[in-house]
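Participant: Sending over structure_17.txt (compact mmCIF, C-alpha atoms).
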# COMPACT_ATOMS: atom_id res chain seq x y z
CA MET A 2 0.00 0.00 0.00
CA ALA A 3 1.54 3.29 -1.08
CA ARG A 4 -1.29 5.69 -0.16
CA TYR A 5 -0.99 7.86 2.96
CA ASP A 6 -3.29 10.32 4.72
CA SER A 7 -0.55 12.92 5.12
CA LEU A 8 3.14 13.45 4.52
CA LEU A 9 3.95 12.47 8.11
CA ASP A 10 2.36 9.08 7.52
CA ALA A 11 4.68 8.52 4.55
CA CYS A 12 7.79 8.40 6.75
CA GLY A 13 9.90 5.25 6.67
CA ASP A 14 9.33 1.92 4.89
CA THR A 15 12.08 2.84 2.45
CA PRO A 16 13.32 0.52 -0.32
CA LEU A 17 16.28 -1.80 0.17
CA VAL A 18 18.12 -1.95 -3.14
CA GLY A 19 20.83 -4.38 -4.21
CA LEU A 20 24.14 -3.18 -5.62
CA PRO A 21 24.81 -6.07 -8.03
CA ARG A 22 27.73 -4.40 -9.81
CA LEU A 23 29.57 -3.23 -6.71
CA SER A 24 28.93 -6.38 -4.66
CA PRO A 25 32.12 -8.49 -4.37
CA GLY A 26 30.46 -11.68 -5.65
CA PRO A 27 27.28 -13.76 -5.81
CA ASN A 28 27.74 -14.87 -2.20
CA VAL A 29 28.68 -11.48 -0.81
CA ARG A 30 25.90 -9.05 -1.55
CA ILE A 31 25.66 -5.37 -0.68
CA TRP A 32 22.32 -3.61 -0.18
CA ALA A 33 21.51 0.07 0.19
CA LYS A 34 18.59 1.30 2.30
CA LEU A 35 17.44 4.39 0.46
CA GLU A 36 16.63 6.81 3.25
CA ASP A 37 16.45 9.68 0.80
CA ARG A 38 12.95 8.33 0.05
CA ASN A 39 11.64 9.92 3.24
CA PRO A 40 9.40 13.03 3.28
CA THR A 41 12.23 15.58 3.45
CA GLY A 42 14.81 13.35 1.82
CA SER A 43 16.87 11.99 4.68
CA VAL A 44 17.06 9.34 7.39
CA LYS A 45 16.47 12.14 9.91
CA ASP A 46 12.72 12.24 9.23
CA ARG A 47 12.37 9.12 11.35
CA ALA A 48 14.10 10.63 14.38
CA ALA A 49 12.40 14.02 14.01
CA LEU A 50 8.94 12.48 13.93
CA TYR A 51 9.66 10.20 16.91
CA MET A 52 11.24 12.96 18.99
CA ILE A 53 8.34 15.36 18.41
CA ARG A 54 5.70 12.69 19.06
CA ALA A 55 7.48 11.65 22.27
CA ALA A 56 7.67 15.26 23.50
CA GLU A 57 3.97 15.72 22.71
CA ALA A 58 3.05 12.50 24.46
CA ASP A 59 4.86 13.39 27.68
CA GLY A 60 3.45 16.92 27.68
CA ARG A 61 6.76 18.75 27.14
CA LEU A 62 5.62 20.13 23.82
CA ARG A 63 2.33 21.99 23.31
CA PRO A 64 0.99 23.73 20.19
CA GLY A 65 2.60 27.11 19.49
CA GLN A 66 5.75 26.35 21.44
CA THR A 67 9.30 26.84 20.15
CA ILE A 68 11.57 23.89 19.38
CA LEU A 69 15.33 24.45 19.55
CA GLU A 70 17.89 22.11 18.01
CA PRO A 71 21.61 22.02 17.20
CA THR A 72 21.83 20.51 13.72
CA SER A 73 24.09 20.52 10.70
CA GLY A 74 21.07 20.32 8.46
CA ASN A 75 19.13 17.13 7.91
CA THR A 76 17.61 16.94 11.38
CA GLY A 77 16.75 20.62 11.16
CA ILE A 78 15.04 20.14 7.81
CA ALA A 79 13.10 17.15 9.10
CA LEU A 80 12.07 18.99 12.28
CA ALA A 81 11.11 22.06 10.23
CA MET A 82 8.68 20.00 8.17
CA VAL A 83 7.13 18.27 11.17
CA ALA A 84 7.01 21.56 13.12
CA LYS A 85 5.27 23.29 10.19
CA LEU A 86 2.61 20.60 9.95
CA ARG A 87 2.03 20.39 13.69
CA GLY A 88 2.16 24.09 14.56
CA TYR A 89 5.51 24.75 16.24
CA ARG A 90 8.17 27.38 15.76
CA LEU A 91 11.69 26.04 15.11
CA VAL A 92 15.07 27.59 15.93
CA CYS A 93 18.11 25.71 14.56
CA VAL A 94 21.70 26.26 15.60
CA MET A 95 23.86 25.29 12.64
CA PRO A 96 27.63 25.54 12.04
CA GLU A 97 28.32 28.22 9.43
CA ASN A 98 30.40 25.78 7.33
CA THR A 99 27.44 23.71 6.18
CA SER A 100 26.02 23.91 2.67
CA VAL A 101 23.88 26.84 1.54
CA GLU A 102 21.14 24.49 0.33
CA ARG A 103 20.52 23.28 3.85
CA ARG A 104 20.23 26.82 5.15
CA GLN A 105 17.82 27.81 2.35
CA ILE A 106 15.60 24.79 2.82
CA LEU A 107 15.32 25.54 6.54
CA GLN A 108 14.40 29.14 5.83
CA MET A 109 11.84 28.05 3.24
CA TYR A 110 10.15 25.91 5.89
CA GLY A 111 10.03 28.97 8.14
CA ALA A 112 12.71 27.90 10.59
CA GLU A 113 15.05 30.44 12.15
CA VAL A 114 18.73 29.66 11.72
CA ILE A 115 21.37 30.78 14.21
CA ALA A 116 24.92 30.26 12.93
CA SER A 117 27.59 28.85 15.21
CA PRO A 118 31.32 29.29 14.46
CA ALA A 119 32.76 27.01 11.77
CA ALA A 120 35.84 26.28 13.83
CA GLY A 121 33.89 24.51 16.53
CA GLY A 122 31.87 22.30 14.16
CA SER A 123 28.90 20.50 15.63
CA ASN A 124 30.43 20.56 19.11
CA GLN A 125 30.11 24.32 19.05
CA ALA A 126 26.53 24.17 17.73
CA VAL A 127 25.64 21.92 20.65
CA ALA A 128 27.26 24.34 23.11
CA VAL A 129 25.46 27.36 21.62
CA ALA A 130 22.12 25.53 21.69
CA LYS A 131 22.59 24.51 25.31
CA GLN A 132 23.25 28.13 26.22
CA LEU A 133 20.16 29.32 24.32
CA ALA A 134 18.10 26.69 26.12
CA GLU A 135 19.20 28.15 29.45
CA GLU A 136 18.27 31.66 28.32
CA HIS A 137 14.86 30.51 27.07
CA PRO A 138 13.47 28.01 29.54
CA ASP A 139 10.16 27.89 27.63
CA TRP A 140 11.87 26.59 24.48
CA VAL A 141 11.98 22.82 24.03
CA MET A 142 15.31 21.36 22.98
CA LEU A 143 14.76 17.87 21.59
CA TYR A 144 18.51 17.28 21.57
CA GLN A 145 18.99 14.48 19.05
CA TYR A 146 22.36 13.45 20.55
CA GLY A 147 20.79 12.39 23.83
CA ASN A 148 17.11 11.82 23.00
CA ALA A 149 16.13 8.17 23.45
CA ALA A 150 13.30 8.66 20.91
CA ASN A 151 15.96 9.17 18.20
CA ALA A 152 17.38 5.67 18.72
CA ARG A 153 13.89 4.25 19.35
CA ALA A 154 12.77 5.40 15.89
CA HIS A 155 15.38 3.08 14.42
CA TYR A 156 14.70 0.29 16.91
CA GLU A 157 11.01 0.32 15.98
CA THR A 158 11.17 1.11 12.26
CA THR A 159 14.57 0.93 10.48
CA GLY A 160 15.67 -2.27 12.23
CA PRO A 161 12.45 -4.24 11.64
CA GLU A 162 12.29 -3.07 8.00
CA LEU A 163 15.83 -4.33 7.41
CA LEU A 164 15.13 -7.72 8.93
CA ARG A 165 11.84 -8.05 7.04
CA ASP A 166 13.46 -7.25 3.70
CA LEU A 167 16.75 -9.07 4.30
CA PRO A 168 16.28 -11.95 6.78
CA THR A 169 19.76 -13.22 5.90
CA ILE A 170 21.46 -9.96 6.92
CA THR A 171 24.97 -10.55 8.34
CA HIS A 172 26.31 -6.98 8.53
CA PHE A 173 24.70 -3.60 9.12
CA VAL A 174 26.75 -0.51 8.27
CA ALA A 175 25.69 3.08 8.93
CA GLY A 176 27.14 6.51 9.52
CA LEU A 177 27.99 7.61 13.04
CA GLY A 178 26.77 11.07 13.97
CA THR A 179 24.24 11.23 16.78
CA THR A 180 24.66 7.42 16.79
CA GLY A 181 20.84 7.03 16.79
CA THR A 182 20.64 4.86 13.65
CA LEU A 183 23.35 2.45 14.76
CA MET A 184 22.19 2.26 18.37
CA GLY A 185 18.51 1.73 17.54
CA ALA A 186 18.64 -0.50 14.46
CA GLY A 187 21.79 -2.18 15.80
CA ARG A 188 20.15 -3.20 19.08
CA PHE A 189 17.08 -4.54 17.29
CA LEU A 190 19.11 -6.59 14.80
CA ARG A 191 21.45 -7.94 17.49
CA GLU A 192 18.45 -9.16 19.53
CA LYS A 193 17.21 -11.12 16.51
CA ASN A 194 20.64 -12.32 15.42
CA PRO A 195 23.39 -12.28 18.08
CA ASP A 196 26.07 -12.94 15.44
CA ILE A 197 25.30 -9.89 13.31
CA GLU A 198 28.06 -7.33 12.84
CA ILE A 199 27.07 -3.72 13.54
CA ILE A 200 29.62 -1.45 11.93
CA ALA A 201 30.04 2.31 12.18
CA ALA A 202 31.46 4.55 9.47
CA GLU A 203 32.51 7.87 10.90
CA PRO A 204 33.35 10.84 8.68
CA ARG A 205 36.90 12.14 9.01
CA TYR A 206 36.89 15.76 7.96
CA GLY A 207 39.70 17.99 6.78
CA GLU A 208 42.17 19.40 9.26
CA LEU A 209 40.38 22.73 9.56
CA VAL A 210 37.37 21.15 11.20
CA TYR A 211 39.45 19.60 13.97
CA GLY A 212 41.96 22.42 14.08
CA LEU A 213 40.95 24.30 17.18
CA ARG A 214 39.44 21.48 19.14
CA ASN A 215 40.90 20.95 22.54
CA ILE A 216 40.96 17.31 23.52
CA ASP A 217 39.48 18.04 26.92
CA GLU A 218 36.50 19.68 25.23
CA GLY A 219 35.76 16.59 23.19
CA TYR A 220 32.29 15.27 22.84
CA VAL A 221 30.66 11.86 22.77
CA PRO A 222 26.88 11.79 22.17
CA GLU A 223 24.91 10.63 25.21
CA LEU A 224 23.14 8.03 23.06
CA TYR A 225 26.40 6.29 22.19
CA ASP A 226 26.88 2.81 23.66
CA PRO A 227 30.01 1.23 22.16
CA SER A 228 28.86 -2.27 23.19
CA VAL A 229 26.28 -2.16 20.36
CA LEU A 230 29.06 -1.87 17.77
CA THR A 231 31.34 -4.59 16.47
CA ARG A 232 33.72 -2.32 14.60
CA ARG A 233 34.12 1.38 13.89
CA PHE A 234 35.93 2.99 10.96
CA SER A 235 36.99 6.51 10.16
CA VAL A 236 36.66 7.48 6.49
CA GLY A 237 38.45 10.46 5.01
CA THR A 238 37.01 12.95 2.54
CA ARG A 239 38.81 11.46 -0.45
CA ASP A 240 37.53 7.91 0.07
CA ALA A 241 34.03 9.22 0.75
CA LEU A 242 34.05 11.25 -2.48
CA LEU A 243 35.48 8.40 -4.57
CA ARG A 244 32.75 6.04 -3.36
CA THR A 245 30.01 8.64 -3.78
CA ARG A 246 30.98 9.02 -7.43
CA GLN A 247 31.45 5.29 -7.92
CA MET A 248 27.95 4.69 -6.59
CA VAL A 249 26.37 7.01 -9.14
CA GLU A 250 28.59 5.79 -12.00
CA VAL A 251 28.25 2.08 -11.39
CA GLU A 252 24.87 1.68 -9.70
CA GLY A 253 23.09 4.90 -10.67
CA ILE A 254 22.52 5.96 -7.06
CA PHE A 255 23.05 9.69 -6.44
CA ALA A 256 23.93 9.91 -2.76
CA GLY A 257 25.35 12.53 -0.43
CA PRO A 258 29.03 12.33 0.54
CA SER A 259 28.38 10.69 3.91
CA THR A 260 26.89 7.71 2.11
CA GLY A 261 30.14 7.37 0.15
CA ALA A 262 31.93 6.95 3.47
CA VAL A 263 29.45 4.27 4.54
CA LEU A 264 29.75 2.43 1.22
CA HIS A 265 33.54 2.53 1.56
CA VAL A 266 33.28 0.57 4.81
CA ALA A 267 30.60 -1.79 3.44
CA LEU A 268 32.87 -2.64 0.51
CA ALA A 269 35.92 -3.17 2.74
CA VAL A 270 33.93 -5.57 4.91
CA GLY A 271 32.47 -7.23 1.82
CA HIS A 272 35.82 -7.80 0.14
CA ALA A 273 37.23 -9.23 3.37
CA ALA A 274 34.30 -11.69 3.55
CA GLN A 275 34.79 -12.62 -0.10
CA LYS A 276 38.50 -13.27 0.49
CA ALA A 277 37.71 -15.41 3.52
CA GLY A 278 35.20 -17.42 1.48
CA GLN A 279 32.27 -16.37 3.67
CA GLU A 280 28.72 -15.63 2.62
CA ALA A 281 27.46 -12.19 3.55
CA ASP A 282 24.45 -9.94 3.15
CA ILE A 283 25.65 -6.44 3.99
CA ALA A 284 23.04 -3.70 4.35
CA PHE A 285 24.04 -0.06 4.63
CA VAL A 286 22.15 3.18 5.12
CA MET A 287 22.07 5.81 2.40
CA ALA A 288 21.40 8.80 4.69
CA ASP A 289 20.47 11.24 1.94
CA ALA A 290 20.83 12.08 -1.75
CA GLY A 291 23.38 14.42 -3.31
CA TRP A 292 21.17 17.39 -4.17
CA LYS A 293 21.88 19.42 -1.06
CA TYR A 294 25.63 19.15 -1.62
CA LEU A 295 25.93 20.31 -5.25
CA SER A 296 27.14 23.75 -4.19
CA THR A 297 29.97 22.23 -2.14
CA GLY A 298 31.76 21.09 -5.31
CA ALA A 299 31.64 17.43 -4.26
CA TYR A 300 30.44 16.35 -7.71
CA ALA A 301 32.37 18.66 -10.01
CA GLY A 302 35.89 18.41 -11.42
CA THR A 303 38.50 15.90 -10.32
CA ILE A 304 38.48 14.11 -6.98
CA ALA A 305 41.41 16.25 -5.86
CA GLU A 306 39.46 19.43 -6.69
CA ALA A 307 36.36 18.17 -4.93
CA GLU A 308 38.45 17.20 -1.91
CA GLU A 309 39.86 20.69 -1.80
CA HIS A 310 36.38 22.21 -1.97
CA LEU A 311 35.23 20.08 0.96
CA GLU A 312 38.23 20.94 3.13
CA GLY A 313 36.87 22.71 6.16
CA GLN A 314 33.24 21.73 5.46
CA LEU A 315 31.07 19.38 7.43
CA TRP A 316 30.11 17.08 4.56
CA ALA A 317 28.21 14.55 6.64
CA MET B 13 59.80 -1.04 11.88
CA ALA B 14 58.20 2.18 10.73
CA ILE B 15 54.65 3.14 11.53
CA GLU B 16 53.27 6.42 10.28
CA VAL B 17 51.38 8.42 12.91
CA ARG B 18 49.13 11.38 12.06
CA ILE B 19 49.01 13.98 14.79
CA PRO B 20 46.05 16.39 15.17
CA THR B 21 46.78 20.12 15.12
CA ILE B 22 46.11 20.47 18.82
CA LEU B 23 48.93 18.04 19.74
CA ARG B 24 51.56 19.29 17.31
CA SER B 25 53.13 21.41 20.03
CA HIS B 26 54.62 18.09 21.17
CA THR B 27 55.99 17.15 17.75
CA GLY B 28 57.60 20.47 16.86
CA GLY B 29 54.71 21.18 14.55
CA ALA B 30 55.03 17.93 12.61
CA LYS B 31 51.79 16.64 11.13
CA VAL B 32 53.07 13.12 10.55
CA VAL B 33 55.73 11.37 12.64
CA GLU B 34 57.20 7.88 12.52
CA GLY B 35 57.40 5.44 15.38
CA ALA B 36 57.88 1.77 16.21
CA GLY B 37 56.25 -0.84 18.41
CA ASP B 38 54.52 -4.21 18.37
CA THR B 39 51.45 -2.74 20.01
CA LEU B 40 49.86 0.69 20.21
CA SER B 41 51.06 0.94 23.80
CA ASP B 42 54.67 0.32 22.68
CA LEU B 43 54.26 2.84 19.88
CA PHE B 44 53.10 5.59 22.25
CA ALA B 45 56.02 4.83 24.61
CA ASP B 46 58.42 5.06 21.67
CA LEU B 47 56.91 8.36 20.51
CA ASP B 48 57.03 9.80 24.01
CA SER B 49 60.80 9.21 24.14
CA ARG B 50 61.21 11.61 21.24
CA TYR B 51 58.13 13.80 21.75
CA PRO B 52 57.90 14.23 25.52
CA GLY B 53 54.41 14.77 26.90
CA LEU B 54 52.60 13.33 23.91
CA ARG B 55 51.72 10.05 25.63
CA GLY B 56 50.27 11.94 28.60
CA ARG B 57 47.80 13.71 26.30
CA LEU B 58 46.54 10.42 24.86
CA ILE B 59 46.48 8.13 27.87
CA THR B 60 44.97 8.80 31.31
CA GLU B 61 46.70 8.13 34.64
CA ASP B 62 44.81 4.82 34.81
CA GLY B 63 46.54 3.75 31.63
CA ALA B 64 43.43 3.90 29.45
CA LEU B 65 42.89 5.80 26.25
CA HIS B 66 41.60 9.32 26.97
CA ARG B 67 37.81 9.46 26.61
CA PHE B 68 37.90 12.22 24.04
CA VAL B 69 40.75 10.82 21.96
CA ASN B 70 40.08 8.46 19.09
CA VAL B 71 42.91 6.39 17.64
CA TYR B 72 42.60 4.52 14.36
CA VAL B 73 44.93 1.91 12.90
CA ASN B 74 44.43 1.79 9.13
CA ASP B 75 41.18 3.72 9.66
CA GLU B 76 39.75 1.28 12.23
CA ASP B 77 38.97 2.52 15.77
CA VAL B 78 41.31 0.71 18.17
CA ARG B 79 38.67 0.55 20.91
CA PHE B 80 37.19 -2.34 18.91
CA THR B 81 40.50 -4.09 18.16
CA GLY B 82 42.09 -4.38 21.61
CA ALA B 83 42.60 -0.72 22.52
CA LEU B 84 46.21 -0.06 23.56
CA GLU B 85 47.05 -3.74 23.07
CA THR B 86 46.14 -3.52 19.38
CA LYS B 87 48.89 -5.24 17.38
CA LEU B 88 50.83 -3.20 14.86
CA SER B 89 52.82 -4.17 11.79
CA ASP B 90 55.31 -2.41 9.61
CA GLY B 91 53.59 -0.01 7.23
CA ASP B 92 50.51 0.50 9.40
CA SER B 93 49.06 3.97 9.50
CA VAL B 94 47.89 5.37 12.84
CA THR B 95 45.61 8.42 13.07
CA VAL B 96 44.92 10.32 16.28
CA LEU B 97 41.82 12.54 16.36
CA PRO B 98 39.81 14.44 18.96
CA ALA B 99 36.29 13.03 19.45
CA VAL B 100 33.71 15.21 17.73
CA ALA B 101 29.98 15.27 17.34
CA GLY B 102 30.53 15.25 13.58
CA GLY B 103 28.12 16.52 11.05
CA ALA B 104 25.37 14.28 12.33
CA SER B 105 23.37 14.27 9.12
CA VAL B 106 24.32 10.63 9.02
CA GLY B 107 22.39 9.30 11.93
Could you quickly redo this structure as structure tokens?
Facilitator:
Amino acid sequence: MARYDSLLDACGDTPLVGLPRLSPGPNVRIWAKLEDRNPTGSVKDRAALYMIRAAEADGRLRPGQTILEPTSGNTGIALAMVAKLRGYRLVCVMPENTSVERRQILQMYGAEVIASPAAGGSNQAVAVAKQLAEEHPDWVMLYQYGNAANARAHYETTGPELLRDLPTITHFVAGLGTTGTLMGAGRFLREKNPDIEIIAAEPRYGELVYGLRNIDEGYVPELYDPSVLTRRFSVGTRDALLRTRQMVEVEGIFAGPSTGAVLHVALAVGHAAQKAGQEADIAFVMADAGWKYLSTGAYAGTIAEAEEHLEGQLWA
Amino acid sequence: MAIEVRIPTILRSHTGGAKVVEGAGDTLSDLFADLDSRYPGLRGRLITEDGALHRFVNVYVNDEDVRFTGALETKLSDGDSVTVLPAVAGGASVG
């Protein structure tokens, strides 16, 4: 059934698509979960909807109130859509080194955007949002990094969808940001199959992003529980870009750069399984499509040029 | 045995500004001890007094997080590439 009463009802139940040309062999198959097929085009619609519904259910959020959130884009866009449809005002704190498309989409939905310094990345956006929350006690910060409803969205929807569509799943690979996708879907899949590998692909940005970070001011999302993960990889800009382009060239899938990083890890794991003579069904999350990143230069010119354009940007 | 180690900007005061240094060791623990002999104070920024990896430091051997491969006891081989990074919230569009 593909008919829904409203856009909010059309969230989730995304297609799982095989990558027959990129898969290492007939016994080691790679599958992409196309989360760009959500209402605002990213995996974040699931978390946004769950977080707002949970806040409504426990009485924290009432019509007309203001929602505040630190976000580099996708969560903000998802929240902006849900807020619009359910009658809330949204204030997003976003690092200034995120793409112009994301900012424009937020403004189109009527959200207010407060820029946080590029040098501090998302850590700084979180700090600015926490300060604003103190100054405005009537605002409701959903706080995706520590909101259990974020992970629950994936425990109750993404995880079950994966198992339904791929009962033979052996590996689940996703990007690590708030950690909600991996924690939620990972826990669900592990309960059903204790042997499953839950693998994180973390974006490794250019030097400029880490430049001014003091180690003692580091940040680990409250949702993160390392015991859910089997392995965790860091993927640099170049590998992420190469895989993003390979995915569109070989399989016709136009994904955002963070998905390139996730595919890079899925392929590494897949080739290792192939070499070891194991059978594997590896599912990974395509967090969003490439449209919002065209202005970053990720898709134009040589890889070296694209890498240079992304230096200093938060591409995931 | 040469292992390439990438140092984040914030710790380069210990390496005379060098972005990449070379070290040796059979394990990550040995490698950090070796580096500390030439770059005093570096080890103390990465490892706590209890001898564990600092909570906000991530170390990767060939791009894999060592917390999932034996932490400081992670085995190293010639030609491995080690990256040290501060923990960050990241872009978080990815989940």
Participant: I need the chain A residues near chain B as a ChimeraX atom specification; criterion: at most 8 Å, counting only C-alpha atoms.
Facilitator: /A:44-45,72-76,122-124,175-183,204,208,211-222,231-236,259-260,288,315-317
Participant: Within 10 Å of Gly26 of chain A, counting only C-alpha atoms, which residues qualify if same-chain residues fewer than 2 places away don't, as a list in words?
Facilitator: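 So the residues in contact are Pro21, Arg22, Leu23, Ser24, Asn28, Val29, Arg30, Ile31, Gly271, His272, Ala274, Gln275, Glu280 and Ala281 of chain A.
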Participant: Figure out the distance between atom CA of Ser41 of chain B and atom CA of Thr86 of chain B, please, to one decimal in Å.
Facilitator: 8.0 Å
Participant: Need to verify the contact set: segment 135-146 of chain A, 10 Å, only C-alpha atoms, exclusion of same-chain residues closer than 2 positions in sequence. Can you return it as number ranges by chain?
Facilitator: A: 45, 48-49, 52-53, 55-56, 61-63, 66-72, 76, 80, 90-93, 127, 130-133, 148-152, 178-181, 221-225; B: 101, 104, 107
Participant: Any chance you could work out the axis-aligned box around segment 61-67 of chain B, listed atoms only, 5 Å on each side, giving centre and edge lengths in Å to one decimal, as AutoDock Vina command-line options?
Facilitator:
--center_x 42.3 --center_y 6.6 --center_z 30.5 --size_x 18.9 --size_y 15.7 --size_z 18.6
Participant: Would you be able to write out as a list in words which residues have an atom within 8 Å of (28.4, -2.9, 9.9) in the file's coordinates, counting all atoms listed in the file?
Facilitator: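 Output: His172, Phe173, Val174, Ala175, Glu198, Ile199, Ile200, Ala201, Leu230, Thr231, Arg232, Val266, Ala267, Val270, Ile283, Ala284 and Phe285 of chain A.
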Participant: Residues near Ile15 of chain B, anyone? I mean within 10 Å using only C-alpha atoms, not counting same-chain ones fewer than 5 positions away, as a list in words.
Facilitator: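 My reading of the contact set: Val33, Glu34, Gly35, Ala36, Gly37, Leu43, Val73, Leu88, Ser89, Asp90, Gly91, Asp92, Ser93 and Val94 of chain B.
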Participant: Which residue, A:Gly60, A:Gly185, A:Gly257, A:Gly237, has the smallest gap to Ala202 of chain A when you use only C-alpha atoms?
Facilitator: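 Going through A:Gly60, A:Gly185, A:Gly257, A:Gly237 one by one, the smallest distance to Ala202 of chain A is for A:Gly237.
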Participant: If I take atom CA of Ile106 of chain A and atom CA of Ile78 of chain A, how far is one from the other in Å, to one decimal?
Facilitator: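 Computed distance, atom CA of Ile106 of chain A to atom CA of Ile78 of chain A, equals 6.8 Å.
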Participant: When distances are computed from only C-alpha atoms, which of A:Asp226, A:Ala119, A:Arg244, A:Glu312 shows the smallest separation from Gly147 of chain A?
Facilitator: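 Closest to Gly147 of chain A, using only C-alpha atoms: A:Asp226.
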Participant: What is the atom CA of Ala128 of chain A to atom CA of Asn98 of chain A distance in Å?
Facilitator: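 Those two atoms sit 16.2 Å apart.
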